[in-house]
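Have a look at query.pdb; it's PDB, C-alpha atoms:
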```
ATOM      1  CA  MET A  33     -77.610  82.078 -12.365  1.00  0.00           C
ATOM      2  CA  LYS A  34     -81.122  80.705 -12.776  1.00  0.00           C
ATOM      3  CA  LYS A  35     -79.690  77.250 -13.503  1.00  0.00           C
ATOM      4  CA  LEU A  36     -77.688  77.389 -10.292  1.00  0.00           C
ATOM      5  CA  ILE A  37     -80.752  78.342  -8.229  1.00  0.00           C
ATOM      6  CA  TYR A  38     -82.847  75.604  -9.868  1.00  0.00           C
ATOM      7  CA  SER A  39     -80.067  73.080  -9.238  1.00  0.00           C
ATOM      8  CA  PHE A  40     -79.988  73.928  -5.529  1.00  0.00           C
ATOM      9  CA  LEU A  41     -83.769  73.756  -5.367  1.00  0.00           C
ATOM     10  CA  VAL A  42     -83.804  70.311  -7.012  1.00  0.00           C
ATOM     11  CA  LEU A  43     -81.053  69.044  -4.684  1.00  0.00           C
ATOM     12  CA  PHE A  44     -82.928  70.362  -1.658  1.00  0.00           C
ATOM     13  CA  LEU A  45     -86.183  68.689  -2.705  1.00  0.00           C
ATOM     14  CA  MET A  46     -84.413  65.399  -3.425  1.00  0.00           C
ATOM     15  CA  SER A  47     -82.785  65.398   0.020  1.00  0.00           C
ATOM     16  CA  ALA A  48     -86.150  66.110   1.657  1.00  0.00           C
ATOM     17  CA  PHE A  49     -87.734  63.160  -0.165  1.00  0.00           C
ATOM     18  CA  SER A  50     -84.875  60.818   0.710  1.00  0.00           C
ATOM     19  CA  ALA A  51     -85.157  61.763   4.402  1.00  0.00           C
ATOM     20  CA  SER A  52     -88.857  60.945   4.448  1.00  0.00           C
ATOM     21  CA  ALA A  53     -88.222  57.722   2.522  1.00  0.00           C
ATOM     22  CA  GLN A  54     -86.504  56.315   5.626  1.00  0.00           C
ATOM     23  CA  CYS A  55     -89.990  55.969   7.094  1.00  0.00           C
ATOM     24  CA  GLY A  56     -91.818  55.114   3.920  1.00  0.00           C
ATOM     25  CA  ASP A  57     -93.138  52.019   2.241  1.00  0.00           C
ATOM     26  CA  ASP A  58     -90.020  49.922   2.870  1.00  0.00           C
ATOM     27  CA  LEU A  59     -90.482  50.297   6.607  1.00  0.00           C
ATOM     28  CA  LEU A  60     -94.151  49.341   6.302  1.00  0.00           C
ATOM     29  CA  LYS A  61     -93.251  46.289   4.200  1.00  0.00           C
ATOM     30  CA  GLN A  62     -90.826  45.196   6.900  1.00  0.00           C
ATOM     31  CA  ALA A  63     -93.464  45.691   9.612  1.00  0.00           C
ATOM     32  CA  LEU A  64     -95.982  43.669   7.609  1.00  0.00           C
ATOM     33  CA  LYS A  65     -93.426  40.901   7.093  1.00  0.00           C
ATOM     34  CA  GLU A  66     -92.686  40.778  10.842  1.00  0.00           C
ATOM     35  CA  MET A  67     -96.415  40.510  11.491  1.00  0.00           C
ATOM     36  CA  GLY A  68     -96.064  36.836  10.631  1.00  0.00           C
ATOM     37  CA  SER A  69     -99.149  34.690  10.110  1.00  0.00           C
ATOM     38  CA  SER A  70    -101.501  36.962  12.041  1.00  0.00           C
ATOM     39  CA  GLN A  71    -104.211  38.889  10.184  1.00  0.00           C
ATOM     40  CA  TYR A  72    -103.582  42.558   9.346  1.00  0.00           C
ATOM     41  CA  ILE A  73    -105.955  45.072  10.948  1.00  0.00           C
ATOM     42  CA  LYS A  74    -104.305  48.499  10.835  1.00  0.00           C
ATOM     43  CA  ASP A  75    -100.927  50.210  10.534  1.00  0.00           C
ATOM     44  CA  PHE A  76     -99.646  53.371  12.187  1.00  0.00           C
ATOM     45  CA  THR A  77     -97.050  55.848  10.942  1.00  0.00           C
ATOM     46  CA  VAL A  78     -95.219  57.679  13.704  1.00  0.00           C
ATOM     47  CA  GLU A  79     -92.919  60.643  13.074  1.00  0.00           C
ATOM     48  CA  MET A  80     -91.497  62.480  16.061  1.00  0.00           C
ATOM     49  CA  VAL A  81     -89.987  65.896  15.339  1.00  0.00           C
ATOM     50  CA  LYS A  82     -88.713  68.446  17.848  1.00  0.00           C
ATOM     51  CA  GLU A  83     -89.917  71.977  17.460  1.00  0.00           C
ATOM     52  CA  LYS A  84     -87.200  74.617  17.720  1.00  0.00           C
ATOM     53  CA  LYS A  85     -88.379  75.690  21.173  1.00  0.00           C
ATOM     54  CA  ASP A  86     -88.618  72.121  22.514  1.00  0.00           C
ATOM     55  CA  THR A  87     -85.791  70.144  24.053  1.00  0.00           C
ATOM     56  CA  LYS A  88     -87.652  66.842  23.722  1.00  0.00           C
ATOM     57  CA  THR A  89     -90.371  65.343  21.588  1.00  0.00           C
ATOM     58  CA  GLY A  90     -93.624  64.391  23.247  1.00  0.00           C
ATOM     59  CA  TYR A  91     -95.728  61.448  22.207  1.00  0.00           C
ATOM     60  CA  VAL A  92     -98.098  60.427  19.445  1.00  0.00           C
ATOM     61  CA  LYS A  93    -101.446  58.873  20.365  1.00  0.00           C
ATOM     62  CA  PHE A  94    -103.776  56.677  18.291  1.00  0.00           C
ATOM     63  CA  SER A  95    -107.130  55.259  19.390  1.00  0.00           C
ATOM     64  CA  VAL A  96    -108.304  51.763  18.451  1.00  0.00           C
ATOM     65  CA  VAL A  97    -111.363  49.692  19.295  1.00  0.00           C
ATOM     66  CA  LEU A  98    -110.445  46.182  20.472  1.00  0.00           C
ATOM     67  CA  ASN A  99    -112.930  43.338  20.922  1.00  0.00           C
ATOM     68  CA  SER A 100    -113.191  41.035  23.909  1.00  0.00           C
ATOM     69  CA  ASN A 101    -111.976  37.429  23.724  1.00  0.00           C
ATOM     70  CA  THR A 102    -109.455  38.321  21.041  1.00  0.00           C
ATOM     71  CA  GLN A 103    -105.659  38.035  20.983  1.00  0.00           C
ATOM     72  CA  TYR A 104    -103.882  40.916  19.239  1.00  0.00           C
ATOM     73  CA  LYS A 105    -100.288  41.497  18.209  1.00  0.00           C
ATOM     74  CA  PHE A 106     -98.602  44.897  18.037  1.00  0.00           C
ATOM     75  CA  ASN A 107     -95.240  45.103  16.283  1.00  0.00           C
ATOM     76  CA  ILE A 108     -93.025  48.059  15.492  1.00  0.00           C
ATOM     77  CA  VAL A 109     -90.178  48.733  13.059  1.00  0.00           C
ATOM     78  CA  ASN A 110     -87.928  51.712  13.742  1.00  0.00           C
ATOM     79  CA  GLY A 111     -86.428  54.017  11.128  1.00  0.00           C
ATOM     80  CA  ALA A 112     -82.778  53.365  10.305  1.00  0.00           C
ATOM     81  CA  SER A 113     -81.721  56.836  11.443  1.00  0.00           C
ATOM     82  CA  ASN A 114     -83.400  56.636  14.875  1.00  0.00           C
ATOM     83  CA  ALA A 115     -80.956  57.277  17.714  1.00  0.00           C
ATOM     84  CA  GLU A 116     -82.913  54.858  19.906  1.00  0.00           C
ATOM     85  CA  LYS A 117     -85.905  52.542  19.585  1.00  0.00           C
ATOM     86  CA  MET A 118     -89.414  53.877  19.953  1.00  0.00           C
ATOM     87  CA  ILE A 119     -91.541  52.903  22.958  1.00  0.00           C
ATOM     88  CA  MET A 120     -95.057  51.659  22.203  1.00  0.00           C
ATOM     89  CA  GLN A 121     -97.610  51.571  25.045  1.00  0.00           C
ATOM     90  CA  LEU A 122    -101.183  50.287  25.084  1.00  0.00           C
ATOM     91  CA  LYS A 123    -103.425  52.068  27.593  1.00  0.00           C
ATOM     92  CA  GLN A 124    -107.088  52.111  28.576  1.00  0.00           C
ATOM     93  CA  ASN A 125    -108.420  54.980  30.698  1.00  0.00           C
ATOM     94  CA  GLU A 126    -104.826  56.179  31.215  1.00  0.00           C
ATOM     95  CA  LYS A 127    -103.904  52.793  32.751  1.00  0.00           C
ATOM     96  CA  LEU A 128    -100.907  51.037  31.170  1.00  0.00           C
ATOM     97  CA  ILE A 129    -102.036  47.656  29.837  1.00  0.00           C
ATOM     98  CA  SER A 130     -98.957  46.502  27.895  1.00  0.00           C
ATOM     99  CA  SER A 131     -95.783  47.841  26.306  1.00  0.00           C
ATOM    100  CA  ASN A 132     -92.800  46.844  24.193  1.00  0.00           C
ATOM    101  CA  PHE A 133     -90.546  48.284  26.936  1.00  0.00           C
ATOM    102  CA  HIS A 134     -90.501  46.018  29.994  1.00  0.00           C
ATOM    103  CA  ASN A 135     -87.983  45.705  32.854  1.00  0.00           C
ATOM    104  CA  GLY A 136     -85.467  47.881  31.020  1.00  0.00           C
ATOM    105  CA  LYS A 137     -85.579  45.783  27.844  1.00  0.00           C
ATOM    106  CA  MET A 138     -86.985  46.861  24.481  1.00  0.00           C
ATOM    107  CA  TYR A 139     -88.968  44.399  22.335  1.00  0.00           C
ATOM    108  CA  ASP A 140     -90.074  44.650  18.707  1.00  0.00           C
ATOM    109  CA  GLU A 141     -93.562  43.376  19.529  1.00  0.00           C
ATOM    110  CA  PHE A 142     -96.026  42.454  22.225  1.00  0.00           C
ATOM    111  CA  GLN A 143     -99.261  40.496  22.308  1.00  0.00           C
ATOM    112  CA  PHE A 144    -102.404  41.361  24.200  1.00  0.00           C
ATOM    113  CA  VAL A 145    -105.472  39.271  25.045  1.00  0.00           C
ATOM    114  CA  CYS A 146    -108.417  41.648  25.217  1.00  0.00           C
ATOM    115  CA  ARG A 147    -110.927  40.738  27.933  1.00  0.00           C
ATOM    116  CA  LYS A 148    -113.183  43.780  27.549  1.00  0.00           C
ATOM    117  CA  THR A 149    -114.370  45.422  24.344  1.00  0.00           C
ATOM    118  CA  GLY A 150    -113.585  49.107  24.313  1.00  0.00           C
ATOM    119  CA  VAL A 151    -111.463  51.993  23.113  1.00  0.00           C
ATOM    120  CA  TYR A 152    -107.755  51.565  23.797  1.00  0.00           C
ATOM    121  CA  HIS A 153    -104.991  54.070  23.135  1.00  0.00           C
ATOM    122  CA  LEU A 154    -101.575  53.450  21.599  1.00  0.00           C
ATOM    123  CA  TYR A 155     -98.867  55.867  22.714  1.00  0.00           C
ATOM    124  CA  PHE A 156     -95.553  56.158  20.869  1.00  0.00           C
ATOM    125  CA  SER A 157     -92.574  58.019  22.344  1.00  0.00           C
ATOM    126  CA  PHE A 158     -88.816  57.980  22.811  1.00  0.00           C
ATOM    127  CA  LYS A 159     -87.291  57.436  26.243  1.00  0.00           C
ATOM    128  CA  GLY A 160     -84.897  60.345  25.730  1.00  0.00           C
ATOM    129  CA  GLY A 161     -87.260  62.546  23.730  1.00  0.00           C
ATOM    130  CA  GLN A 162     -85.321  62.014  20.500  1.00  0.00           C
ATOM    131  CA  GLU A 163     -86.514  62.545  16.951  1.00  0.00           C
ATOM    132  CA  GLY A 164     -87.287  59.636  14.670  1.00  0.00           C
ATOM    133  CA  CYS A 165     -89.896  57.586  12.927  1.00  0.00           C
ATOM    134  CA  ALA A 166     -91.440  54.146  13.003  1.00  0.00           C
ATOM    135  CA  LYS A 167     -94.165  52.003  11.485  1.00  0.00           C
ATOM    136  CA  SER A 168     -96.355  49.829  13.664  1.00  0.00           C
ATOM    137  CA  VAL A 169     -98.874  47.138  12.743  1.00  0.00           C
ATOM    138  CA  LEU A 170    -101.870  45.932  14.725  1.00  0.00           C
ATOM    139  CA  SER A 171    -102.880  42.394  13.796  1.00  0.00           C
ATOM    140  CA  LEU A 172    -105.287  39.680  14.900  1.00  0.00           C
ATOM    141  CA  VAL A 173    -103.634  36.530  16.244  1.00  0.00           C
ATOM    142  CA  LYS A 174    -106.821  34.607  17.094  1.00  0.00           C
ATOM    143  CA  GLN A 175    -110.271  34.862  18.577  1.00  0.00           C
ATOM    144  CA  LEU A 176    -110.679  32.951  21.794  1.00  0.00           C
TER     145      LEU A 176
END
```
Now, as a test, write the supplied structure out as structure tokens.
Amino acid sequence: MKKLIYSFLVLFLMSAFSASAQCGDDLLKQALKEMGSSQYIKDFTVEMVKEKKDTKTGYVKFSVVLNSNTQYKFNIVNGASNAEKMIMQLKQNEKLISSNFHNGKMYDEFQFVCRKTGVYHLYFSFKGGQEGCAKSVLSLVKQL
């Protein structure tokens, strides 16, 4: 009986690790590859999970300091099990600056030329409030 319980426990733990592996290092490697020739600055791991009482997921927010006269690139790679692609928005003082979702079309990246040094906020969400994960990379394209 103990062997049976241990077997179920091992199977459960293995399935939990394989589910989180969908948003692991392989996804980050892909995001870094899609970064191209720009210079790596920072990466973001986003995991959206619904709580039992919620009907939708909310958003995840990260803060970054961007320098003036600099061109940045933001790219995102979605987890294979995502029902839809994740929306990435760059805001300053709650004002939308740029996004990978524009005119009803979803993009895997966007570039931004920063004109004013300051704290900017990256928001990640799903249009339909779905669950899922993604990796995003912020990189430096060039200084102007």
How would you write, as a PyMOL selection string, the residues chosen by the PyMOL selection byres ((chain A and resi 78) around 9) on this structure?
chain A and resi 55+76-77+79-80+92+156+164-168
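Relative to CA of Gln162 (chain A), CA of Lys82 (chain A) is found at 7.7 Å.
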If we count only C-alpha atoms, what is near region 137-145 of chain A at a cut-off of 7 Å, once residues fewer than 3 positions away on the same chain are taken out, given as a PDB file with C-alpha atoms, in the coordinates of the input?
```
ATOM      1  CA  ASN A 101    -111.976  37.429  23.724  1.00  0.00           C
ATOM      2  CA  THR A 102    -109.455  38.321  21.041  1.00  0.00           C
ATOM      3  CA  GLN A 103    -105.659  38.035  20.983  1.00  0.00           C
ATOM      4  CA  TYR A 104    -103.882  40.916  19.239  1.00  0.00           C
ATOM      5  CA  LYS A 105    -100.288  41.497  18.209  1.00  0.00           C
ATOM      6  CA  PHE A 106     -98.602  44.897  18.037  1.00  0.00           C
ATOM      7  CA  ASN A 107     -95.240  45.103  16.283  1.00  0.00           C
ATOM      8  CA  ILE A 108     -93.025  48.059  15.492  1.00  0.00           C
ATOM      9  CA  VAL A 109     -90.178  48.733  13.059  1.00  0.00           C
ATOM     10  CA  SER A 131     -95.783  47.841  26.306  1.00  0.00           C
ATOM     11  CA  ASN A 132     -92.800  46.844  24.193  1.00  0.00           C
ATOM     12  CA  PHE A 133     -90.546  48.284  26.936  1.00  0.00           C
ATOM     13  CA  HIS A 134     -90.501  46.018  29.994  1.00  0.00           C
TER      14      HIS A 134
END
```
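When CA of Cys146 (chain A) is paired with CA of Met118 (chain A), their separation reads 23.2 Å.
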Pairwise distance, CA of Val81 (chain A) with CA of Glu163 (chain A), equals 5.1 Å
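Comparing A:Lys84, A:Lys65, A:His153, A:Lys93 by their smallest distance to Lys123 (chain A), the closest is A:His153 (using only C-alpha atoms).
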Evaluate the PyMOL selection byres ((chain A and resi 126) around 12) here and jot the selected residues down as a list of chain:residue names.
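That expression, the PyMOL selection byres ((chain A and resi 126) around 12), corresponds here to A:Lys93, A:Gln121, A:Leu122, A:Lys123, A:Gln124, A:Asn125, A:Lys127, A:Leu128, A:Ile129, A:Ser130, A:Val151, A:Tyr152, A:His153, A:Leu154, A:Tyr155.
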Export, as a PDB file, keeping the file's coordinate frame, the selected residues with C-alpha atoms.
```pdb
ATOM      1  CA  LYS A  93    -101.446  58.873  20.365  1.00  0.00           C
ATOM      2  CA  GLN A 121     -97.610  51.571  25.045  1.00  0.00           C
ATOM      3  CA  LEU A 122    -101.183  50.287  25.084  1.00  0.00           C
ATOM      4  CA  LYS A 123    -103.425  52.068  27.593  1.00  0.00           C
ATOM      5  CA  GLN A 124    -107.088  52.111  28.576  1.00  0.00           C
ATOM      6  CA  ASN A 125    -108.420  54.980  30.698  1.00  0.00           C
ATOM      7  CA  LYS A 127    -103.904  52.793  32.751  1.00  0.00           C
ATOM      8  CA  LEU A 128    -100.907  51.037  31.170  1.00  0.00           C
ATOM      9  CA  ILE A 129    -102.036  47.656  29.837  1.00  0.00           C
ATOM     10  CA  SER A 130     -98.957  46.502  27.895  1.00  0.00           C
ATOM     11  CA  VAL A 151    -111.463  51.993  23.113  1.00  0.00           C
ATOM     12  CA  TYR A 152    -107.755  51.565  23.797  1.00  0.00           C
ATOM     13  CA  HIS A 153    -104.991  54.070  23.135  1.00  0.00           C
ATOM     14  CA  LEU A 154    -101.575  53.450  21.599  1.00  0.00           C
ATOM     15  CA  TYR A 155     -98.867  55.867  22.714  1.00  0.00           C
TER      16      TYR A 155
END
```
Going by the chain IDs and residue numbers used in this file, which residues fall under the PyMOL selection byres ((chain A and resi 171) around 7)? Write them as a VMD selection string.
chain A and resid 70 to 74 104 to 106 169 to 170 172 to 173
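Between Asp58 (chain A) and the residues A:Gly111, A:Arg147, A:Lys174, A:Lys159, the shortest atom-to-atom distance, using all atoms listed in the file, involves A:Gly111.
Shortest atom-to-atom contact with Ser95 (chain A) among A:Gly160, A:Ala115, A:Gly68, A:Asp75: A:Asp75, counting only C-alpha atoms.
Closest approach to Ser100 (chain A) among A:Thr149, A:Leu176, A:Gly161, A:Ser113 is made by A:Thr149 (distances from only C-alpha atoms).
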Could you give me region 164-175 of chain A completed to all heavy atoms, formatted as a compact mmCIF listing (two decimals), keeping the file's coordinate frame?
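Result file is result22.txt:
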```
# COMPACT_ATOMS: atom_id res chain seq x y z
N GLY A 164 -87.37 60.87 15.44
CA GLY A 164 -87.29 59.64 14.67
C GLY A 164 -88.65 59.24 14.14
O GLY A 164 -89.63 59.95 14.30
N CYS A 165 -88.66 58.07 13.51
CA CYS A 165 -89.90 57.59 12.93
C CYS A 165 -89.99 56.08 13.08
O CYS A 165 -88.99 55.40 13.32
CB CYS A 165 -89.98 57.98 11.47
SG CYS A 165 -88.65 57.30 10.47
N ALA A 166 -91.20 55.58 12.91
CA ALA A 166 -91.44 54.15 13.00
C ALA A 166 -92.75 53.82 12.32
O ALA A 166 -93.60 54.68 12.10
CB ALA A 166 -91.48 53.70 14.46
N LYS A 167 -92.90 52.55 11.99
CA LYS A 167 -94.16 52.00 11.48
C LYS A 167 -94.57 50.89 12.44
O LYS A 167 -93.74 50.09 12.88
CB LYS A 167 -94.01 51.42 10.08
CG LYS A 167 -93.67 52.42 9.01
CD LYS A 167 -94.87 53.17 8.55
CE LYS A 167 -94.49 54.04 7.34
NZ LYS A 167 -95.60 54.69 6.74
N SER A 168 -95.84 50.85 12.77
CA SER A 168 -96.36 49.83 13.66
C SER A 168 -97.56 49.17 13.01
O SER A 168 -98.30 49.81 12.27
CB SER A 168 -96.75 50.46 15.00
OG SER A 168 -97.30 49.49 15.85
N VAL A 169 -97.75 47.88 13.30
CA VAL A 169 -98.87 47.14 12.74
C VAL A 169 -99.64 46.47 13.86
O VAL A 169 -99.06 45.84 14.75
CB VAL A 169 -98.40 46.08 11.72
CG1 VAL A 169 -99.56 45.19 11.27
CG2 VAL A 169 -97.77 46.75 10.51
N LEU A 170 -100.95 46.63 13.83
CA LEU A 170 -101.87 45.93 14.72
C LEU A 170 -102.45 44.77 13.94
O LEU A 170 -102.94 44.96 12.81
CB LEU A 170 -102.99 46.87 15.18
CG LEU A 170 -104.24 46.24 15.81
CD1 LEU A 170 -103.89 45.48 17.09
CD2 LEU A 170 -105.28 47.32 16.09
N SER A 171 -102.37 43.56 14.51
CA SER A 171 -102.88 42.39 13.80
C SER A 171 -103.63 41.47 14.74
O SER A 171 -103.44 41.50 15.95
CB SER A 171 -101.74 41.64 13.09
OG SER A 171 -100.74 41.28 14.00
N LEU A 172 -104.48 40.64 14.16
CA LEU A 172 -105.29 39.68 14.90
C LEU A 172 -104.56 38.35 14.92
O LEU A 172 -104.25 37.79 13.86
CB LEU A 172 -106.64 39.52 14.22
CG LEU A 172 -107.55 38.41 14.72
CD1 LEU A 172 -108.11 38.77 16.09
CD2 LEU A 172 -108.67 38.16 13.73
N VAL A 173 -104.28 37.84 16.11
CA VAL A 173 -103.63 36.53 16.24
C VAL A 173 -104.70 35.45 16.21
O VAL A 173 -104.65 34.52 15.41
CB VAL A 173 -102.80 36.44 17.54
CG1 VAL A 173 -102.21 35.05 17.72
CG2 VAL A 173 -101.70 37.49 17.52
N LYS A 174 -105.70 35.56 17.10
CA LYS A 174 -106.82 34.61 17.09
C LYS A 174 -107.94 35.10 17.99
O LYS A 174 -107.74 35.90 18.90
CB LYS A 174 -106.38 33.22 17.53
CG LYS A 174 -105.89 33.13 18.97
CD LYS A 174 -105.44 31.72 19.29
CE LYS A 174 -104.82 31.67 20.68
NZ LYS A 174 -104.37 30.33 21.02
N GLN A 175 -109.13 34.59 17.71
CA GLN A 175 -110.27 34.86 18.58
C GLN A 175 -110.41 33.69 19.52
O GLN A 175 -110.30 32.54 19.11
CB GLN A 175 -111.53 35.09 17.76
CG GLN A 175 -111.44 36.37 16.95
CD GLN A 175 -112.75 36.73 16.27
OE1 GLN A 175 -113.52 35.87 15.92
NE2 GLN A 175 -112.95 38.03 16.09
```
